[in-house]
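See below for model.txt, which holds compact mmCIF, C-alpha atoms and all ligand atoms.
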# COMPACT_ATOMS: atom_id res chain seq x y z
CA MET A 1 52.03 23.68 1.14
CA THR A 2 51.42 20.93 -1.40
CA ASP A 3 50.35 17.51 -0.30
CA LEU A 4 50.99 14.42 -2.45
CA LEU A 5 47.70 12.65 -1.73
CA ARG A 6 45.73 15.79 -2.48
CA GLN A 7 47.71 16.42 -5.60
CA GLU A 8 46.94 12.94 -6.85
CA ILE A 9 43.20 13.38 -6.17
CA THR A 10 42.82 16.90 -7.49
CA THR A 11 45.09 16.83 -10.52
CA SER A 12 43.54 13.57 -11.76
CA ALA A 13 39.95 14.83 -11.37
CA HIS A 14 38.63 15.09 -14.95
CA THR A 15 35.20 16.32 -13.81
CA ILE A 16 34.69 18.64 -10.86
CA VAL A 17 31.50 19.85 -9.21
CA VAL A 18 31.91 23.11 -7.29
CA LYS A 19 29.20 24.32 -4.91
CA VAL A 20 29.26 27.87 -3.63
CA GLY A 21 27.22 28.96 -0.62
CA THR A 22 25.30 32.18 -0.08
CA ARG A 23 27.82 33.40 2.48
CA VAL A 24 30.57 33.50 -0.13
CA LEU A 25 28.48 35.47 -2.60
CA THR A 26 27.13 38.10 -0.23
CA THR A 27 28.79 40.46 2.21
CA ASP A 28 28.18 40.23 5.96
CA GLN A 29 25.53 42.93 5.46
CA GLY A 30 23.73 40.64 2.99
CA VAL A 31 24.67 42.67 -0.13
CA LEU A 32 25.52 40.74 -3.28
CA ASN A 33 29.30 40.66 -3.85
CA GLU A 34 29.49 40.98 -7.65
CA GLU A 35 33.28 41.01 -7.68
CA GLN A 36 33.37 37.67 -5.85
CA ILE A 37 30.99 36.10 -8.41
CA THR A 38 33.05 37.51 -11.28
CA GLN A 39 36.25 36.05 -9.81
CA LEU A 40 34.58 32.69 -9.36
CA GLY A 41 33.40 32.72 -12.98
CA ARG A 42 36.95 33.45 -14.13
CA GLN A 43 38.38 30.58 -12.06
CA LEU A 44 35.77 28.17 -13.45
CA ALA A 45 36.68 29.20 -17.00
CA GLU A 46 40.37 28.71 -16.21
CA LEU A 47 39.68 25.22 -14.89
CA ALA A 48 37.67 24.40 -18.00
CA ALA A 49 40.58 25.66 -20.12
CA THR A 50 42.76 22.88 -18.63
CA GLY A 51 40.42 20.36 -20.32
CA ARG A 52 38.45 19.55 -17.16
CA ARG A 53 34.66 19.39 -17.08
CA VAL A 54 33.34 21.84 -14.52
CA VAL A 55 29.84 22.12 -13.05
CA LEU A 56 28.80 24.84 -10.62
CA VAL A 57 26.02 24.55 -8.05
CA SER A 58 25.37 28.08 -6.86
CA SER A 59 23.21 29.24 -4.00
CA GLY A 60 22.59 32.94 -3.52
CA ALA A 61 19.31 33.54 -5.39
CA VAL A 62 17.52 34.73 -2.25
CA GLY A 63 20.54 36.80 -1.16
CA ALA A 64 20.85 38.34 -4.64
CA GLY A 65 17.11 39.04 -4.82
CA MET A 66 17.11 40.75 -1.43
CA SER A 67 20.01 42.87 -2.56
CA GLN A 68 18.27 43.73 -5.88
CA LEU A 69 14.98 44.61 -4.21
CA GLY A 70 16.64 46.51 -1.36
CA LEU A 71 15.24 44.20 1.34
CA THR A 72 17.08 44.03 4.64
CA LYS A 73 14.98 41.21 6.10
CA ARG A 74 14.38 37.81 4.53
CA PRO A 75 10.59 37.50 3.81
CA THR A 76 8.89 34.89 5.96
CA ASP A 77 6.01 33.94 3.63
CA LEU A 78 6.71 31.41 0.92
CA ALA A 79 5.33 33.29 -2.12
CA ARG A 80 7.39 36.43 -1.41
CA LEU A 81 10.48 34.34 -0.73
CA GLN A 82 10.02 32.54 -4.04
CA ALA A 83 9.55 35.87 -5.80
CA VAL A 84 12.78 37.18 -4.25
CA ALA A 85 14.62 34.03 -5.38
CA ALA A 86 13.25 34.45 -8.94
CA VAL A 87 14.53 38.04 -9.13
CA GLY A 88 17.88 37.07 -7.62
CA GLN A 89 18.40 34.04 -9.86
CA ALA A 90 18.21 36.27 -12.98
CA LYS A 91 20.82 38.61 -11.51
CA LEU A 92 23.13 35.77 -10.47
CA ILE A 93 23.10 34.15 -13.90
CA GLU A 94 23.65 37.52 -15.57
CA ILE A 95 26.86 38.06 -13.56
CA TYR A 96 28.11 34.49 -14.05
CA ASP A 97 27.40 34.59 -17.78
CA ARG A 98 29.23 37.91 -18.18
CA ALA A 99 32.25 36.62 -16.24
CA LEU A 100 32.34 33.39 -18.24
CA ARG A 101 31.92 35.12 -21.61
CA ASP A 102 34.82 37.43 -20.75
CA ASN A 103 36.81 34.19 -20.52
CA GLY A 104 35.42 32.52 -23.65
CA ARG A 105 32.74 30.31 -22.03
CA HIS A 106 28.95 30.25 -21.74
CA ALA A 107 26.78 29.74 -18.67
CA ALA A 108 23.94 27.18 -18.89
CA GLN A 109 21.22 27.71 -16.27
CA VAL A 110 19.80 24.48 -14.80
CA LEU A 111 17.12 24.60 -12.06
CA LEU A 112 16.34 21.29 -10.36
CA THR A 113 14.19 19.85 -7.58
CA ALA A 114 14.74 16.69 -5.53
CA GLU A 115 11.67 15.16 -7.24
CA ASP A 116 13.31 15.63 -10.63
CA LEU A 117 16.13 13.36 -9.49
CA ASP A 118 13.62 10.93 -7.97
CA ASP A 119 12.16 9.93 -11.30
CA ARG A 120 14.43 7.59 -13.25
CA THR A 121 13.52 9.06 -16.68
CA ARG A 122 13.98 12.67 -15.56
CA TYR A 123 17.21 11.66 -13.80
CA LEU A 124 18.59 10.31 -17.06
CA ASN A 125 17.36 13.39 -18.99
CA ILE A 126 19.15 15.68 -16.54
CA ARG A 127 22.31 13.61 -16.84
CA ASN A 128 22.20 13.72 -20.65
CA THR A 129 21.56 17.47 -20.66
CA LEU A 130 24.44 18.19 -18.29
CA LEU A 131 26.84 16.00 -20.25
CA SER A 132 25.77 17.69 -23.52
CA VAL A 133 26.27 21.17 -22.01
CA LEU A 134 29.77 20.07 -21.00
CA ASP A 135 30.41 18.71 -24.52
CA PHE A 136 29.67 22.23 -25.84
CA GLY A 137 32.37 23.52 -23.48
CA ALA A 138 29.77 25.52 -21.54
CA ILE A 139 29.46 25.55 -17.76
CA PRO A 140 26.22 24.35 -16.13
CA ILE A 141 25.16 26.60 -13.26
CA ILE A 142 22.70 24.72 -11.11
CA ASN A 143 20.42 25.90 -8.32
CA GLU A 144 17.44 24.29 -6.69
CA ASN A 145 14.27 25.43 -8.49
CA ASP A 146 13.03 27.68 -5.71
CA THR A 147 9.69 28.39 -7.43
CA VAL A 148 8.62 24.78 -6.83
CA ALA A 149 11.08 23.39 -4.26
CA VAL A 150 9.54 24.71 -1.08
CA GLU A 151 11.65 22.62 1.28
CA GLU A 152 14.80 24.38 0.10
CA LEU A 153 13.52 27.76 1.11
CA MET A 154 11.39 27.09 4.16
CA LEU A 155 12.59 23.96 5.88
CA THR A 156 15.94 22.76 7.09
CA PHE A 157 16.29 19.72 4.82
CA GLY A 158 16.73 19.91 1.06
CA ASP A 159 19.56 22.28 0.33
CA ASN A 160 22.24 22.92 -2.21
CA ASP A 161 24.95 20.97 -0.36
CA ARG A 162 22.95 17.80 -0.87
CA LEU A 163 21.88 18.82 -4.36
CA ALA A 164 25.58 19.22 -5.24
CA ALA A 165 26.29 15.74 -3.83
CA ARG A 166 23.46 14.31 -5.94
CA VAL A 167 24.80 16.03 -9.04
CA THR A 168 28.29 14.66 -8.28
CA ASN A 169 26.75 11.19 -8.12
CA LEU A 170 24.71 11.77 -11.24
CA ILE A 171 27.62 12.67 -13.49
CA ARG A 172 30.11 10.46 -11.59
CA ALA A 173 32.47 13.35 -10.90
CA PRO A 174 35.44 12.16 -8.80
CA LEU A 175 35.61 15.43 -6.84
CA LEU A 176 33.12 17.80 -5.18
CA ILE A 177 34.37 21.12 -3.79
CA LEU A 178 32.11 22.99 -1.34
CA LEU A 179 33.08 26.65 -1.02
CA SER A 180 31.78 28.32 2.13
CA ASP A 181 32.76 31.11 4.50
CA VAL A 182 34.67 28.74 6.82
CA GLN A 183 38.17 27.40 6.21
CA GLY A 184 36.90 23.81 6.43
CA LEU A 185 35.69 21.46 9.16
CA TYR A 186 36.88 22.25 12.69
CA ASN A 187 36.82 19.73 15.52
CA GLY A 188 34.53 22.10 17.45
CA SER A 189 32.81 25.42 16.99
CA PRO A 190 34.90 27.44 14.48
CA GLU A 191 34.65 30.53 16.69
CA LEU A 192 36.47 28.88 19.60
CA PRO A 193 40.25 29.40 19.62
CA GLU A 194 40.87 25.82 20.80
CA SER A 195 39.09 24.32 17.75
CA LYS A 196 41.44 22.91 15.12
CA LEU A 197 40.93 22.76 11.37
CA LEU A 198 41.01 19.17 10.07
CA SER A 199 43.12 18.78 6.94
CA VAL A 200 41.86 15.32 6.03
CA VAL A 201 38.94 13.14 7.16
CA PRO A 202 39.73 9.51 6.26
CA LYS A 203 36.36 8.25 7.53
CA LEU A 204 33.09 9.95 8.51
CA ASP A 205 32.58 8.38 11.92
CA GLU A 206 30.31 9.47 14.78
CA GLU A 207 33.00 11.70 16.24
CA VAL A 208 33.42 13.63 12.98
CA LEU A 209 29.63 13.98 12.58
CA SER A 210 29.44 15.45 16.08
CA PHE A 211 31.68 18.38 15.05
CA ALA A 212 28.84 20.20 13.22
CA ARG A 213 27.68 23.04 15.47
CA ASP A 214 25.15 24.96 13.44
CA LYS A 215 23.19 28.00 14.37
CA LYS A 216 20.31 29.38 12.33
CA THR A 217 21.08 32.30 10.00
CA GLY A 218 19.02 34.52 7.74
CA HIS A 219 20.60 33.71 4.38
CA SER A 220 22.15 30.27 4.16
CA LYS A 221 20.22 27.09 4.83
CA GLY A 222 22.44 24.09 4.99
CA GLY A 223 25.03 24.57 7.72
CA MET A 224 27.86 22.15 8.48
CA ALA A 225 25.50 19.23 9.15
CA SER A 226 24.28 19.26 5.56
CA LYS A 227 27.88 19.53 4.31
CA LEU A 228 28.75 16.39 6.27
CA GLU A 229 25.66 14.67 4.85
CA ALA A 230 26.89 15.66 1.37
CA ALA A 231 30.30 14.19 2.31
CA ARG A 232 28.62 10.94 3.29
CA MET A 233 26.76 10.75 -0.03
CA VAL A 234 29.88 11.47 -2.06
CA THR A 235 32.52 9.45 -0.22
CA SER A 236 30.35 6.35 0.13
CA THR A 237 30.04 6.13 -3.66
CA GLY A 238 33.81 6.35 -4.07
CA GLU A 239 34.35 10.07 -4.68
CA ASN A 240 36.26 12.73 -2.75
CA MET A 241 35.04 16.02 -1.31
CA ILE A 242 36.75 19.20 -0.11
CA ILE A 243 35.29 21.98 2.05
CA ALA A 244 37.25 25.22 1.72
CA SER A 245 36.81 28.95 2.05
CA GLY A 246 35.48 30.60 -1.09
CA ARG A 247 36.96 33.87 0.11
CA ILE A 248 40.57 32.80 -0.50
CA PRO A 249 41.75 34.44 -3.76
CA ASP A 250 42.08 31.86 -6.58
CA VAL A 251 41.03 29.10 -4.21
CA LEU A 252 39.96 26.70 -6.98
CA THR A 253 43.22 27.06 -8.88
CA LYS A 254 45.16 26.48 -5.67
CA LEU A 255 43.07 23.45 -4.66
CA ILE A 256 43.47 21.81 -8.06
CA ALA A 257 47.23 22.31 -7.82
CA GLY A 258 47.06 20.17 -4.63
CA GLU A 259 47.57 22.95 -2.07
CA GLU A 260 46.61 21.90 1.42
CA ILE A 261 43.65 24.22 1.87
CA GLY A 262 40.45 23.28 3.73
CA THR A 263 39.31 19.76 4.66
CA LEU A 264 39.56 16.76 2.33
CA PHE A 265 37.06 13.92 2.85
CA LEU A 266 38.46 10.73 1.38
CA ALA A 267 36.51 8.34 -0.86
CA GLN A 268 35.50 5.07 0.83
CA GLY A 269 36.25 2.04 -1.35
CA LYS A 270 35.55 1.70 -5.04
CA ALA A 271 33.18 3.83 -7.12
CA VAL A 272 29.70 2.22 -7.20
CA THR A 273 27.45 1.61 -10.20
CA PRO A 274 25.11 4.35 -11.51
CA ARG A 275 22.05 2.25 -10.58
CA LYS A 276 23.18 1.97 -6.96
CA ARG A 277 23.84 5.71 -6.86
CA TRP A 278 20.29 6.31 -8.01
CA ILE A 279 18.88 3.96 -5.36
CA GLY A 280 21.09 5.35 -2.63
CA TYR A 281 21.01 9.06 -3.21
CA SER A 282 18.41 10.23 -5.70
CA VAL A 283 15.10 8.59 -5.02
CA GLN A 284 13.08 9.84 -2.04
CA PRO A 285 12.59 6.89 0.33
CA ARG A 286 8.96 5.91 1.03
CA GLY A 287 9.47 4.29 4.42
CA ASP A 288 11.88 2.88 7.00
CA LEU A 289 12.86 -0.62 8.05
CA MET A 290 14.35 -0.78 11.54
CA VAL A 291 16.82 -3.64 11.93
CA ASP A 292 18.62 -5.33 14.83
CA ASP A 293 22.39 -5.27 15.42
CA GLY A 294 22.97 -8.61 13.68
CA ALA A 295 21.24 -7.46 10.50
CA ALA A 296 23.07 -4.10 10.61
CA ARG A 297 26.41 -5.96 10.75
CA ALA A 298 25.38 -8.40 8.00
CA LEU A 299 24.55 -5.50 5.66
CA GLY A 300 27.41 -3.18 6.56
CA GLU A 301 30.35 -5.48 7.17
CA LYS A 302 29.48 -8.59 5.20
CA GLY A 303 27.61 -7.14 2.21
CA LYS A 304 24.59 -9.45 2.75
CA SER A 305 20.95 -9.04 1.70
CA LEU A 306 18.30 -7.96 4.23
CA LEU A 307 16.21 -10.91 5.47
CA PRO A 308 12.88 -10.59 7.37
CA ILE A 309 14.40 -12.12 10.51
CA GLY A 310 16.55 -9.02 11.19
CA VAL A 311 13.72 -6.48 10.77
CA THR A 312 12.19 -5.24 14.02
CA GLU A 313 9.76 -2.55 12.84
CA VAL A 314 8.35 -1.05 9.66
CA ARG A 315 7.48 2.64 9.28
CA GLY A 316 5.59 4.37 6.47
CA SER A 317 3.49 2.98 3.65
CA PHE A 318 5.21 1.66 0.55
CA GLY A 319 4.70 -0.69 -2.35
CA LYS A 320 6.89 -3.35 -3.97
CA GLY A 321 9.87 -1.82 -5.77
CA ASP A 322 9.85 1.42 -3.74
CA VAL A 323 13.06 2.68 -2.18
CA VAL A 324 13.13 2.38 1.62
CA ARG A 325 15.68 3.35 4.24
CA VAL A 326 17.25 0.74 6.52
CA CYS A 327 18.00 2.07 10.01
CA ASN A 328 19.95 0.49 12.88
CA ALA A 329 18.76 0.11 16.46
CA GLN A 330 19.98 3.64 17.21
CA GLY A 331 17.73 5.00 14.42
CA GLN A 332 20.65 5.91 12.13
CA GLU A 333 20.29 5.28 8.42
CA ILE A 334 22.71 2.56 7.26
CA ALA A 335 21.41 1.69 3.79
CA ARG A 336 18.72 2.18 1.17
CA GLY A 337 17.28 -0.33 -1.20
CA LEU A 338 14.42 -1.49 -3.41
CA THR A 339 11.98 -3.55 -1.33
CA ASN A 340 10.57 -6.86 -2.60
CA TYR A 341 7.57 -6.60 -0.25
CA THR A 342 4.95 -3.94 0.56
CA SER A 343 4.91 -2.27 3.98
CA GLU A 344 1.87 -4.41 5.00
CA GLU A 345 3.67 -7.60 4.00
CA VAL A 346 6.86 -6.60 5.83
CA GLY A 347 4.72 -5.91 8.90
CA GLN A 348 3.48 -9.52 8.76
CA ILE A 349 6.80 -11.29 8.07
CA LEU A 350 9.24 -9.24 10.15
CA GLY A 351 11.18 -11.32 12.65
CA SER A 352 10.39 -14.53 10.71
CA ARG A 353 12.73 -16.94 8.96
CA SER A 354 12.57 -16.93 5.16
CA ASP A 355 11.11 -20.49 5.16
CA GLN A 356 8.14 -19.18 7.17
CA ILE A 357 7.18 -16.50 4.59
CA GLU A 358 4.89 -18.77 2.56
CA GLY A 359 3.01 -19.91 5.66
CA ILE A 360 2.34 -16.29 6.62
CA LEU A 361 1.66 -14.62 3.27
CA GLY A 362 0.50 -17.63 1.24
CA VAL A 363 3.18 -16.83 -1.33
CA HIS A 364 6.96 -16.78 -1.15
CA PRO A 365 8.35 -14.85 -4.11
CA TYR A 366 11.63 -13.82 -2.44
CA ASP A 367 13.79 -14.92 0.53
CA GLU A 368 15.07 -11.41 1.14
CA ILE A 369 13.25 -8.13 1.74
CA ILE A 370 16.04 -6.23 -0.05
CA HIS A 371 18.52 -8.08 -2.23
CA ARG A 372 22.10 -6.80 -1.90
CA ASP A 373 22.21 -6.03 -5.65
CA ASN A 374 19.42 -3.51 -5.06
CA MET A 375 20.95 -1.95 -1.96
CA THR A 376 23.37 0.93 -1.31
CA VAL A 377 25.08 0.82 2.07
CA SER A 378 26.04 4.24 3.42
CA ARG A 379 27.21 3.48 6.95
CA VAL A 380 29.39 0.50 7.84
N1 LIG A 401 32.69 22.12 13.14
C1 LIG A 401 32.48 23.13 12.29
N2 LIG A 401 33.49 23.54 11.47
C2 LIG A 401 33.30 24.57 10.59
N3 LIG A 401 32.12 25.24 10.46
C3 LIG A 401 31.09 24.90 11.23
C4 LIG A 401 31.22 23.82 12.19
N4 LIG A 401 30.04 23.68 12.81
C5 LIG A 401 29.21 24.61 12.29
N5 LIG A 401 29.82 25.36 11.34
C6 LIG A 401 29.16 26.46 10.60
O1 LIG A 401 28.88 26.09 9.24
C7 LIG A 401 28.78 27.31 8.50
C8 LIG A 401 28.83 27.03 7.01
O2 LIG A 401 27.61 26.53 6.57
P1 LIG A 401 26.50 27.48 5.84
O3 LIG A 401 26.16 28.58 6.76
O4 LIG A 401 25.40 26.61 5.37
O5 LIG A 401 27.33 28.07 4.64
P2 LIG A 401 27.04 28.13 3.07
O6 LIG A 401 26.17 29.31 2.86
O7 LIG A 401 28.41 28.31 2.52
O8 LIG A 401 26.40 26.83 2.62
C9 LIG A 401 29.94 28.11 9.02
O9 LIG A 401 29.76 29.48 8.87
C10 LIG A 401 30.05 27.70 10.49
O10 LIG A 401 29.51 28.67 11.37
N1 LIG A 402 18.21 28.10 -3.54
C1 LIG A 402 18.62 28.92 -2.42
C2 LIG A 402 19.77 28.20 -1.74
C3 LIG A 402 19.73 28.18 -0.25
C4 LIG A 402 20.95 27.39 0.27
O1 LIG A 402 21.07 26.15 0.16
O2 LIG A 402 21.91 28.18 0.74
P1 LIG A 402 23.40 27.75 1.24
O3 LIG A 402 23.25 27.05 2.56
O4 LIG A 402 24.09 29.04 1.34
O5 LIG A 402 23.99 26.86 0.19
C5 LIG A 402 19.17 30.24 -2.97
O6 LIG A 402 19.68 30.25 -4.10
O7 LIG A 402 19.10 31.23 -2.26
Before we go any further, please render this structure as structure tokens.
Amino acid sequence: MTDLLRQEITTSAHTIVVKVGTRVLTTDQGVLNEEQITQLGRQLAELAATGRRVVLVSSGAVGAGMSQLGLTKRPTDLARLQAVAAVGQAKLIEIYDRALRDNGRHAAQVLLTAEDLDDRTRYLNIRNTLLSVLDFGAIPIINENDTVAVEELMLTFGDNDRLAARVTNLIRAPLLILLSDVQGLYNGSPELPESKLLSVVPKLDEEVLSFARDKKTGHSKGGMASKLEAARMVTSTGENMIIASGRIPDVLTKLIAGEEIGTLFLAQGKAVTPRKRWIGYSVQPRGDLMVDDGAARALGEKGKSLLPIGVTEVRGSFGKGDVVRVCNAQGQEIARGLTNYTSEEVGQILGSRSDQIEGILGVHPYDEIIHRDNMTVSRV
């Protein structure tokens, strides 16, 4: 079935980021599915042939490495896991490159860490490199640099869903497609017969966030919670995201034609500036500012700056100009921004009116702790 809204979003998307999860690229026994990777490469080349710019974020290095080395159990120590990823990454790129060359395209391997996107100069270098690769008509194939990015392999945060959302922000792609082993987002555990597949999510509210029911698995890392976090990052900067099954034959071609497959998460409001994207989704925050309900409403609903009077607590140690998170009374992140004051200074002036700042600190350079021009609001 074709849906008009989808068709408008997908057919007009000039740049598309596709992320494919480990579960799509390996069989249930954990063996690398080379045919699946080849088919994906062909679909990417076909999309590129329509004049679109296509970027792939591919997981699967650990899965491919295990398959190459004949391992049945994922290693538990970091060095061996990194070695497995290094072996697997070479194999993955080899298969992608072969599939793309058979269809007249080249693969460009790009390995990134969250810290790379943290640094403004590196961030711009990555952006320029990706755009130049696309100008050559080649297809960037991105994975987290597992040799250095330990959190990707060992911990639960830092994963390719979020990396794909960051890349979408970085190159201002209007559409991110996450291909997984599920059909999309269900309103409950996907194994339960009463759970229903959602076709469209107009807004990521608390109810939608509560649908993620993840259990730990040996190969993939992110789970549905990280896919919803990616959706938050993408939709709040004005772009759309789709979660669909990567096991459906020609799924990308069908999605771009507007077929109603998977779950579409709709963009919230207008696209935001590149600087606000960087503040909101690339830089690692150095601390948290807890705010009261009034301040949360002023930021979220009225687009105001953050004043000391609404801050109730400061966490972490940060300097002037660092990015900090702003969290509501329930502890949920609502915004990020560049702080005008250090953590020590915020500790002294929190709860005070702006006209009291000079009396407390002896100086009064700014009325607001974070000016709205330096803030990205993610939860209204
Ligand atoms: N509400 C939900 N709807 C769909 N899938 C869900 C939901 N809650 C949890 N999941 C789980 O999320 C998994 C997909 O995430 P993940 O294992 O990280 O895949 P990938 O390797 O593709 O990134 C599914 O296999 C499914 O078990
Ligand atoms: N960098 C790791 C990715 C791990 C990961 O994020 O996996 P997934 O949840 O399947 O996207 C790898 O290539 O194996």
*Selected residue of minimal separation from ligand LIG 401 (chain A) among A:Arg120, A:Arg247, A:Arg6, A:Arg232, counting only C-alpha atoms and all ligand atoms*: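 Checking each of A:Arg120, A:Arg247, A:Arg6, A:Arg232 against ligand LIG 401 (chain A), counting only C-alpha atoms and all ligand atoms, the winner is A:Arg247.
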*Need the neighbours of (34.7, 23.7, -26.0): which residues are at most 10 Å away, counting all atoms listed in the file, as a VMD selection string?*
chain A and resid 48 to 49 51 53 104 to 106 133 to 139
*Step by step, measure atom-to-atom distances between ligand LIG 401 (chain A) and each residue using all atoms listed in the file, keep those at most 7 Å, then write them as a PyMOL selection string.*
chain A and resi 20-24+161+179-182+184-190+211-214+220-224
*Extract, using all atoms listed in the file, all DNA, RNA and protein residues at most 12 Å from Asp116 in chain A, discarding same-chain residues fewer than 2 positions from it, and format them as a PyMOL selection string.*
chain A and resi 110-114+118-127+144-145+148-149+163+166-167+278+282-284
*At what distance in Å, to one decimal, does CA of Pro249 in chain A lie from CA of Thr72 in chain A?*
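Straight-line distance from CA of Thr72 in chain A to CA of Pro249 in chain A works out to 27.8 Å.
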*asked:* If we draw a sphere of 12 Å around (32.1, 4.6, -4.6), which residues have at least one atom in it when counting only C-alpha atoms? Please report them as number ranges by chain.
replied: A: 168-169, 172-175, 231-240, 266-277, 280, 376-378
Go ahead and write the selection's residues with C-alpha atoms as a short mmCIF file (atom, residue, chain, number, x, y, z; two decimals), in the coordinates of the input.
data_model
loop_
_atom_site.label_atom_id
_atom_site.label_comp_id
_atom_site.auth_asym_id
_atom_site.auth_seq_id
_atom_site.Cartn_x
_atom_site.Cartn_y
_atom_site.Cartn_z
CA THR A 168 28.29 14.66 -8.28
CA ASN A 169 26.75 11.19 -8.12
CA ARG A 172 30.11 10.46 -11.59
CA ALA A 173 32.47 13.35 -10.90
CA PRO A 174 35.44 12.16 -8.80
CA LEU A 175 35.61 15.43 -6.84
CA ALA A 231 30.30 14.19 2.31
CA ARG A 232 28.62 10.94 3.29
CA MET A 233 26.76 10.75 -0.03
CA VAL A 234 29.88 11.47 -2.06
CA THR A 235 32.52 9.45 -0.22
CA SER A 236 30.35 6.35 0.13
CA THR A 237 30.04 6.13 -3.66
CA GLY A 238 33.81 6.35 -4.07
CA GLU A 239 34.35 10.07 -4.68
CA ASN A 240 36.26 12.73 -2.75
CA LEU A 266 38.46 10.73 1.38
CA ALA A 267 36.51 8.34 -0.86
CA GLN A 268 35.50 5.07 0.83
CA GLY A 269 36.25 2.04 -1.35
CA LYS A 270 35.55 1.70 -5.04
CA ALA A 271 33.18 3.83 -7.12
CA VAL A 272 29.70 2.22 -7.20
CA THR A 273 27.45 1.61 -10.20
CA PRO A 274 25.11 4.35 -11.51
CA ARG A 275 22.05 2.25 -10.58
CA LYS A 276 23.18 1.97 -6.96
CA ARG A 277 23.84 5.71 -6.86
CA GLY A 280 21.09 5.35 -2.63
CA THR A 376 23.37 0.93 -1.31
CA VAL A 377 25.08 0.82 2.07
CA SER A 378 26.04 4.24 3.42
#
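Across the structure, CA of Gly303 in chain A and CA of Gln332 in chain A are spaced 17.8 Å apart.
Shortest separation to Leu40 in chain A among A:Leu289, A:Ala295, A:Ile95, A:Ala86 occurs at residue A:Ile95, atoms counted being all atoms listed in the file.
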_I'd like to know which of A:Asp159, A:Glu46, A:Glu35, A:Glu115 is closest to ligand LIG 402 (chain A), using only C-alpha atoms and all ligand atoms._
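Distance minimum relative to ligand LIG 402 (chain A) lands on A:Asp159.
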_Residue contacts of range 68-70 of chain A (10 Å, all atoms listed in the file) excluding same-chain residues fewer than 5 positions away, as a list of chain:residue names_ =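 With the cut-off at 10 Å, the set is A:Val31, A:Leu32, A:Val62, A:Gly63, A:Val84, A:Val87, A:Gly88, A:Lys91.
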_So that I can check the surroundings of Asn33 in chain A, please list as a ChimeraX atom specification every protein, DNA and RNA residue that reaches within 9 Å of it, counting only C-alpha atoms and ignoring chain neighbours fewer than 6 positions away._
/A:24-27,64
*Taking into account all atoms listed in the file, which residue in the set A:Glu301, A:Asp293, A:Pro285, A:Ile334 is nearest to Gly321 in chain A?*
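Using all atoms listed in the file, the shortest distance to Gly321 in chain A belongs to A:Pro285.
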*Between CA of Ala13 in chain A and CA of Asn143 in chain A, measure the distance and give it in Å to one decimal.*
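CA of Asn143 in chain A lies at a distance of 22.7 Å from CA of Ala13 in chain A.
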*From the set A:Thr50, A:Thr129, A:Thr15, A:Gln82, which residue has the shortest atom-to-atom contact distance to ligand LIG 402 (chain A), counting only C-alpha atoms and all ligand atoms?*
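Counting only C-alpha atoms and all ligand atoms, the residue closest to ligand LIG 402 (chain A) is A:Gln82.
Residues within 9 Å of Glu229 in chain A, counting all atoms listed in the file and excluding same-chain residues fewer than 6 positions away, are Asp161, Arg162, Ala165 and Leu209 of chain A.
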_Ranking A:Asp146, A:Glu34, A:Asp355, A:Asp3 by minimum distance to ligand LIG 402 (chain A) and counting all atoms listed in the file, which one comes first?_
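Checking each candidate against ligand LIG 402 (chain A), we get A:Asp146 as the closest.
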Could you give me the axis-aligned bounding box of range 272-286 of chain A, with 5 Å of padding per side, as centre plus edge lengths in Å to one decimal, as lines of an AutoDock Vina configuration file?
center_x = 19.3
center_y = 5.9
center_z = -5.2
size_x = 30.7
size_y = 18.6
size_z = 22.5
_Quick one: residues within 12 Å of Lys254 in chain A, all atoms listed in the file, excluding same-chain residues fewer than 3 positions away - as a ChimeraX atom specification?_
/A:1-3,6-7,10-11,43,46-47,244-246,248-251,257-262
